[in-house]
$ cat upload-v5.txt   # compact mmCIF, C-alpha atoms and all ligand atoms
# COMPACT_ATOMS: atom_id res chain seq x y z
CA MET S 197 -11.64 -1.33 -14.66
CA ILE S 198 -13.81 -0.56 -11.64
CA ASP S 199 -17.51 -1.45 -11.40
CA LEU S 200 -19.26 1.34 -9.50
CA TYR S 201 -22.60 0.52 -7.84
CA TYR S 202 -24.15 3.88 -7.30
CA TRP S 203 -27.13 6.16 -6.73
CA PRO S 204 -26.78 9.96 -6.63
CA THR S 205 -26.71 10.54 -2.85
CA PRO S 206 -23.96 12.06 -0.67
CA ASN S 207 -22.47 8.62 0.03
CA GLY S 208 -22.67 7.70 -3.64
CA HIS S 209 -20.96 10.95 -4.59
CA LYS S 210 -17.93 10.14 -2.45
CA ALA S 211 -17.13 7.17 -4.70
CA SER S 212 -17.98 8.89 -8.00
CA ILE S 213 -15.93 12.00 -7.11
CA MET S 214 -12.97 9.84 -6.10
CA LEU S 215 -13.07 7.80 -9.31
CA GLU S 216 -13.14 11.03 -11.31
CA GLU S 217 -10.31 12.52 -9.21
CA VAL S 218 -7.97 9.57 -9.69
CA GLY S 219 -8.93 8.98 -13.33
CA LEU S 220 -9.56 5.24 -13.09
CA GLU S 221 -11.78 3.79 -15.78
CA TYR S 222 -15.13 2.70 -14.37
CA GLU S 223 -18.47 1.25 -15.42
CA LEU S 224 -21.54 2.70 -13.74
CA HIS S 225 -24.26 0.40 -12.38
CA ALA S 226 -27.31 2.32 -11.20
CA ILE S 227 -28.76 0.86 -8.00
CA ASN S 228 -32.15 2.49 -7.57
CA ILE S 229 -32.45 2.47 -3.77
CA LEU S 230 -35.94 4.01 -4.05
CA ARG S 231 -37.17 0.92 -5.89
CA GLY S 232 -35.36 -1.85 -3.96
CA ASP S 233 -32.41 -2.62 -6.26
CA GLN S 234 -30.24 -2.74 -3.13
CA PHE S 235 -31.89 -6.01 -2.09
CA LYS S 236 -31.08 -7.91 -5.27
CA PRO S 237 -28.79 -10.91 -4.58
CA GLU S 238 -26.19 -9.77 -7.12
CA PHE S 239 -25.84 -6.43 -5.32
CA LEU S 240 -25.84 -8.00 -1.84
CA ALA S 241 -22.94 -10.20 -2.97
CA VAL S 242 -20.90 -6.99 -3.30
CA SER S 243 -22.52 -4.90 -0.55
CA PRO S 244 -23.88 -7.11 2.25
CA ASN S 245 -25.37 -4.15 4.16
CA ASN S 246 -27.65 -3.32 1.16
CA LYS S 247 -26.25 0.20 0.80
CA ILE S 248 -24.56 2.14 -1.97
CA PRO S 249 -21.83 2.89 -2.83
CA ALA S 250 -19.90 -0.28 -3.57
CA ILE S 251 -17.21 -1.13 -6.09
CA VAL S 252 -15.60 -4.16 -7.63
CA ASP S 253 -12.03 -3.77 -8.81
CA ARG S 254 -11.81 -6.20 -11.71
CA GLN S 255 -8.01 -6.20 -11.35
CA GLY S 256 -7.80 -6.30 -7.56
CA PRO S 257 -5.06 -7.65 -5.29
CA ARG S 258 -3.29 -10.69 -6.76
CA GLY S 259 -5.03 -9.92 -10.06
CA GLN S 260 -8.40 -11.14 -8.77
CA PRO S 261 -11.71 -9.18 -8.74
CA TYR S 262 -12.06 -7.48 -5.36
CA PRO S 263 -15.34 -6.05 -3.95
CA VAL S 264 -15.37 -3.14 -1.48
CA PHE S 265 -18.38 -1.72 0.39
CA GLU S 266 -18.56 1.22 2.88
CA SER S 267 -17.68 4.57 1.32
CA GLY S 268 -14.74 5.25 3.67
CA ALA S 269 -13.16 1.91 2.79
CA ILE S 270 -13.75 2.59 -0.92
CA LEU S 271 -11.96 5.94 -0.64
CA MET S 272 -9.00 4.35 1.15
CA TYR S 273 -8.86 1.46 -1.33
CA LEU S 274 -8.86 3.75 -4.37
CA ALA S 275 -6.34 6.08 -2.73
CA ASP S 276 -3.99 3.17 -2.01
CA LYS S 277 -4.48 1.72 -5.48
CA THR S 278 -3.55 4.99 -7.19
CA GLY S 279 -1.26 6.63 -4.62
CA ARG S 280 -3.53 9.73 -4.59
CA LEU S 281 -5.20 11.78 -1.83
CA LEU S 282 -3.86 9.69 1.10
CA PRO S 283 -0.19 10.20 1.97
CA HIS S 284 2.13 7.36 3.03
CA ASP S 285 3.95 9.27 5.79
CA THR S 286 2.40 8.07 9.07
CA ALA S 287 1.48 11.44 10.58
CA ALA S 288 0.17 12.87 7.31
CA ARG S 289 -1.78 9.66 6.64
CA TYR S 290 -3.43 9.71 10.06
CA ASP S 291 -4.27 13.41 9.70
CA VAL S 292 -6.41 12.25 6.78
CA VAL S 293 -7.73 9.09 8.45
CA GLN S 294 -8.91 11.02 11.55
CA TRP S 295 -11.02 13.41 9.49
CA LEU S 296 -12.27 10.57 7.32
CA MET S 297 -13.41 8.72 10.46
CA PHE S 298 -14.99 11.93 11.74
CA GLN S 299 -17.05 11.95 8.55
CA MET S 300 -17.96 8.26 8.75
CA GLY S 301 -18.75 8.27 12.48
CA SER S 302 -20.31 11.71 12.98
CA VAL S 303 -21.05 13.82 9.90
CA GLY S 304 -22.68 11.04 7.85
CA PRO S 305 -24.85 9.49 10.58
CA PHE S 306 -25.95 12.74 12.25
CA PHE S 307 -26.53 14.77 9.07
CA GLY S 308 -28.35 11.71 7.72
CA GLN S 309 -30.71 11.59 10.70
CA CYS S 310 -31.22 15.36 10.52
CA GLY S 311 -32.31 14.96 6.88
CA HIS S 312 -34.46 11.96 7.77
CA PHE S 313 -36.45 13.67 10.49
CA LYS S 314 -36.76 16.93 8.54
CA GLY S 315 -37.55 15.52 5.11
CA TYR S 316 -38.62 11.89 5.33
CA ALA S 317 -40.38 11.13 8.65
CA PRO S 318 -44.14 10.66 8.10
CA GLU S 319 -44.92 13.13 10.89
CA PRO S 320 -42.78 15.84 12.57
CA ILE S 321 -41.16 14.71 15.84
CA PRO S 322 -39.84 17.92 17.44
CA TYR S 323 -37.43 16.19 19.85
CA ALA S 324 -35.74 14.22 17.03
CA ILE S 325 -35.62 17.21 14.68
CA ASP S 326 -34.11 19.38 17.41
CA ARG S 327 -31.60 16.73 18.51
CA TYR S 328 -30.21 16.04 15.03
CA TYR S 329 -30.39 19.63 13.78
CA ARG S 330 -28.45 20.92 16.79
CA GLU S 331 -25.90 18.16 16.41
CA THR S 332 -25.56 19.01 12.68
CA LEU S 333 -24.90 22.66 13.55
CA ARG S 334 -22.37 21.61 16.18
CA LEU S 335 -20.53 19.48 13.62
CA TYR S 336 -20.56 22.38 11.15
CA GLY S 337 -18.86 24.37 13.91
CA VAL S 338 -16.15 21.71 14.27
CA LEU S 339 -15.57 21.80 10.50
CA ASP S 340 -15.56 25.60 10.44
CA ARG S 341 -12.96 25.89 13.19
CA ARG S 342 -10.74 23.33 11.47
CA LEU S 343 -11.05 25.06 8.09
CA ALA S 344 -10.29 28.44 9.67
CA ALA S 345 -6.85 27.05 10.53
CA GLN S 346 -6.14 24.85 7.48
CA PRO S 347 -7.03 25.05 3.79
CA TYR S 348 -8.33 21.46 3.81
CA LEU S 349 -9.53 19.12 6.53
CA ALA S 350 -6.30 17.16 6.86
CA GLY S 351 -4.04 20.21 6.41
CA ALA S 352 -2.44 21.81 3.38
CA ASP S 353 -3.58 19.27 0.79
CA TYR S 354 -6.90 18.08 -0.62
CA SER S 355 -7.48 14.49 0.53
CA ILE S 356 -10.06 11.72 0.76
CA ALA S 357 -11.28 13.37 3.99
CA ASP S 358 -12.48 16.34 1.90
CA VAL S 359 -13.96 13.97 -0.69
CA ALA S 360 -15.94 12.28 2.11
CA VAL S 361 -17.28 15.41 3.82
CA TYR S 362 -17.96 17.69 0.85
CA PRO S 363 -21.03 15.86 -0.58
CA TRP S 364 -22.78 16.17 2.80
CA THR S 365 -22.41 19.97 2.63
CA MET S 366 -23.58 20.49 -0.97
CA PRO S 367 -26.29 23.18 -1.35
CA VAL S 368 -29.11 20.72 -2.03
CA ILE S 369 -28.26 18.74 1.13
CA ARG S 370 -27.76 21.89 3.22
CA ALA S 371 -31.19 23.06 2.14
CA LEU S 372 -32.73 19.82 3.46
CA HIS S 373 -30.89 20.25 6.76
CA GLY S 374 -31.75 23.95 7.03
CA VAL S 375 -28.14 25.08 7.47
CA ASP S 376 -27.30 28.72 6.70
CA ILE S 377 -23.83 28.50 5.19
CA ASP S 378 -23.23 32.22 5.82
CA GLU S 379 -22.83 31.27 9.49
CA PHE S 380 -19.89 29.01 8.54
CA ALA S 381 -17.65 31.19 6.37
CA HIS S 382 -14.72 28.76 6.34
CA VAL S 383 -16.86 25.79 5.33
CA ARG S 384 -18.33 28.01 2.60
CA ARG S 385 -14.85 28.98 1.29
CA TRP S 386 -13.72 25.33 1.30
CA GLY S 387 -16.95 24.08 -0.28
CA GLU S 388 -16.78 26.63 -3.09
CA GLU S 389 -13.19 25.59 -3.86
CA ILE S 390 -14.11 21.92 -3.95
CA ALA S 391 -17.25 22.53 -6.02
CA ALA S 392 -15.06 24.19 -8.67
CA ARG S 393 -12.95 21.07 -9.20
CA PRO S 394 -13.76 19.49 -12.58
CA ALA S 395 -13.67 15.97 -11.07
CA VAL S 396 -16.21 17.00 -8.44
CA GLN S 397 -18.46 18.47 -11.10
CA ARG S 398 -18.28 15.28 -13.16
CA GLY S 399 -18.73 13.03 -10.11
CA THR S 400 -21.80 14.86 -8.84
CA ALA S 401 -23.36 15.07 -12.31
CA LEU S 402 -23.71 11.27 -12.60
CA LEU S 403 -27.43 10.40 -12.76
CA ALA S 404 -28.15 13.86 -11.35
CA ASP S 405 -31.49 13.90 -13.18
CA VAL S 406 -32.86 11.13 -10.93
CA MET S 407 -31.70 12.69 -7.65
CA LYS S 408 -34.70 13.37 -5.44
CA ILE S 409 -34.39 14.83 -1.96
CA GLY S 410 -37.13 14.31 0.63
CA ASP S 411 -40.84 13.51 0.25
CA PRO S 412 -40.52 9.82 -0.72
CA ASP S 413 -43.44 8.06 -2.40
CA GLU S 414 -44.91 4.89 -0.92
CA ALA S 415 -42.56 2.52 -2.81
CA ALA S 416 -39.49 4.50 -1.74
CA ARG S 417 -40.70 4.59 1.86
CA ALA S 418 -41.13 0.78 1.82
CA ALA S 419 -37.66 0.26 0.32
CA LEU S 420 -35.81 2.69 2.59
CA PHE S 421 -37.67 2.63 5.90
CA GLY S 422 -40.50 0.11 5.63
CA GLN S 423 -41.36 -3.48 4.99
CA GLN S 424 -38.85 -4.14 2.20
CA GLN S 425 -35.97 -2.80 4.31
CA TYR S 426 -36.82 -4.88 7.36
CA GLU S 427 -38.47 -8.02 6.01
CA ARG S 428 -35.42 -10.26 6.42
N1 LIG C 1 -21.92 3.75 6.00
C1 LIG C 1 -22.35 3.59 4.63
C2 LIG C 1 -23.67 4.31 4.45
C3 LIG C 1 -24.18 4.15 3.04
C4 LIG C 1 -25.65 4.59 2.92
O1 LIG C 1 -26.29 4.98 3.92
N2 LIG C 1 -26.16 4.52 1.70
C5 LIG C 1 -27.55 4.83 1.49
C6 LIG C 1 -27.67 5.92 0.42
S1 LIG C 1 -26.84 7.41 0.96
C7 LIG C 1 -28.27 3.60 0.94
O2 LIG C 1 -27.74 2.90 0.13
N3 LIG C 1 -29.50 3.36 1.42
C8 LIG C 1 -30.25 2.25 0.95
C9 LIG C 1 -30.79 1.41 2.07
O3 LIG C 1 -30.55 1.74 3.26
O4 LIG C 1 -31.47 0.42 1.79
C10 LIG C 1 -21.30 4.17 3.70
O5 LIG C 1 -20.69 5.18 4.07
O6 LIG C 1 -21.07 3.62 2.61
$ encode --input "upload-v5.txt" --output "structure tokens"
Amino acid sequence: MIDLYYWPTPNGHKASIMLEEVGLEYELHAINILRGDQFKPEFLAVSPNNKIPAIVDRQGPRGQPYPVFESGAILMYLADKTGRLLPHDTAARYDVVQWLMFQMGSVGPFFGQCGHFKGYAPEPIPYAIDRYYRETLRLYGVLDRRLAAQPYLAGADYSIADVAVYPWTMPVIRALHGVDIDEFAHVRRWGEEIAARPAVQRGTALLADVMKIGDPDEAARAALFGQQQYER
């Protein structure tokens, strides 16, 4: 049994999609990051950087409960635990790991800042919007060129690299970023295929009714970018 600490955001969806893909039994714990649940001591014990997603594998290595934070590490852990979506062969494995790291180091942070300055900053800062929007479009170009040559990011097979990138390209997130998917035909083809997977539909439906993009209220602003976030 896996405990999943989650809120319906792109990073949260990576873990929920993966759990649905591999078919492990899990218990959902909603961490309302708009209301400060991420700062509760019981959550920080699992996720010291106060961010979702996180998991605890009740039957971890040596039969002991094992906590994992950072979505990329969660994907690798669940892939290794189940033998799914991350091959053992060295070259095939590192084809996946490279694109997973590309997501963790570039797509997540830059798309995240693009969304922040377009949808969350209290006033428009043209330099920041331009910087992160242009970088987002550049990264879409990298994805598009890769997916023109290969069905999936790591090659012929669906992998945890696709699980990591897909939630950041979902229509609701693209709309926040202002990306016209018709300019990236290969990303569109790939995204439509992934969106059709039943596990992806189940994983992105979790708590979907509370998902709110942009325009945070005062309490959410304090939790995410204000006093509550920085008081320690
Ligand atoms: N590098 C982390 C990023 C996770 C992250 O940014 N999570 C956001 C939601 S998408 C969060 O929990 N924010 C709450 C906070 O910053 O207090 C990962 O990939 O797991």
$ residues_around --input "upload-v5.txt" --residues "Ala288 in chain S" --least-positions-apart "4" --cutoff "10 Å" --atoms "only C-alpha atoms" --output "list in words"
Leu282, Pro283, His284, Val292, Val293, Ala350, Gly351 and Asp353 of chain S
$ write_last_selection --input "upload-v5.txt" --atoms "C-alpha atoms" --output "compact mmCIF listing (two decimals), in the coordinates of the input"
# COMPACT_ATOMS: atom_id res chain seq x y z
CA LEU S 282 -3.86 9.69 1.10
CA PRO S 283 -0.19 10.20 1.97
CA HIS S 284 2.13 7.36 3.03
CA VAL S 292 -6.41 12.25 6.78
CA VAL S 293 -7.73 9.09 8.45
CA ALA S 350 -6.30 17.16 6.86
CA GLY S 351 -4.04 20.21 6.41
CA ASP S 353 -3.58 19.27 0.79
$ residues_near_ligand --input "upload-v5.txt" --ligand "ligand LIG 1 (chain C)" --cutoff "10 Å" --atoms "all atoms listed in the file" --output "PyMOL selection string"
chain S and resi 201-211+227-235+243+245-250+264-271+299-301+304-305+308+360+364+416+418-422+424-426
$ residues_around --input "upload-v5.txt" --residues "Asp376 in chain S" --least-positions-apart "5" --cutoff "12 Å" --atoms "all atoms listed in the file" --output "PDB file with C-alpha atoms, keeping the file's coordinate frame"
ATOM      1  CA  TYR S 329     -30.390  19.630  13.780  1.00  0.00           C
ATOM      2  CA  THR S 332     -25.560  19.010  12.680  1.00  0.00           C
ATOM      3  CA  LEU S 333     -24.900  22.660  13.550  1.00  0.00           C
ATOM      4  CA  TYR S 336     -20.560  22.380  11.150  1.00  0.00           C
ATOM      5  CA  GLY S 337     -18.860  24.370  13.910  1.00  0.00           C
ATOM      6  CA  THR S 365     -22.410  19.970   2.630  1.00  0.00           C
ATOM      7  CA  MET S 366     -23.580  20.490  -0.970  1.00  0.00           C
ATOM      8  CA  PRO S 367     -26.290  23.180  -1.350  1.00  0.00           C
ATOM      9  CA  VAL S 368     -29.110  20.720  -2.030  1.00  0.00           C
ATOM     10  CA  ILE S 369     -28.260  18.740   1.130  1.00  0.00           C
ATOM     11  CA  ARG S 370     -27.760  21.890   3.220  1.00  0.00           C
ATOM     12  CA  ALA S 371     -31.190  23.060   2.140  1.00  0.00           C
ATOM     13  CA  ALA S 381     -17.650  31.190   6.370  1.00  0.00           C
ATOM     14  CA  VAL S 383     -16.860  25.790   5.330  1.00  0.00           C
ATOM     15  CA  ARG S 384     -18.330  28.010   2.600  1.00  0.00           C
TER      16      ARG S 384
END
$ closest_residue --input "upload-v5.txt" --among "S:Glu319, S:Glu427, S:Asp358, S:Asp413" --to "Met214 in chain S" --atoms "all atoms listed in the file"
S:Asp358
$ closest_residue --input "upload-v5.txt" --among "S:Pro320, S:Pro263, S:Pro412, S:Gly256" --to "Phe239 in chain S" --atoms "all atoms listed in the file"
S:Pro263
$ atom_distance --input "upload-v5.txt" --atom1 "CA of Arg385 in chain S" --atom2 "CA of Val359 in chain S"
15.2 Å
$ closest_residue --input "upload-v5.txt" --among "S:Leu281, S:Ile409, S:Ile377, S:Val242" --to "Tyr354 in chain S" --atoms "all atoms listed in the file"
S:Leu281
$ atom_distance --input "upload-v5.txt" --atom1 "CA of Lys314 in chain S" --atom2 "CA of Val396 in chain S"
26.7 Å
$ closest_residue --input "upload-v5.txt" --among "S:Ser355, S:Phe306, S:Asp405, S:Pro347" --to "Glu331 in chain S" --atoms "only C-alpha atoms"
S:Phe306
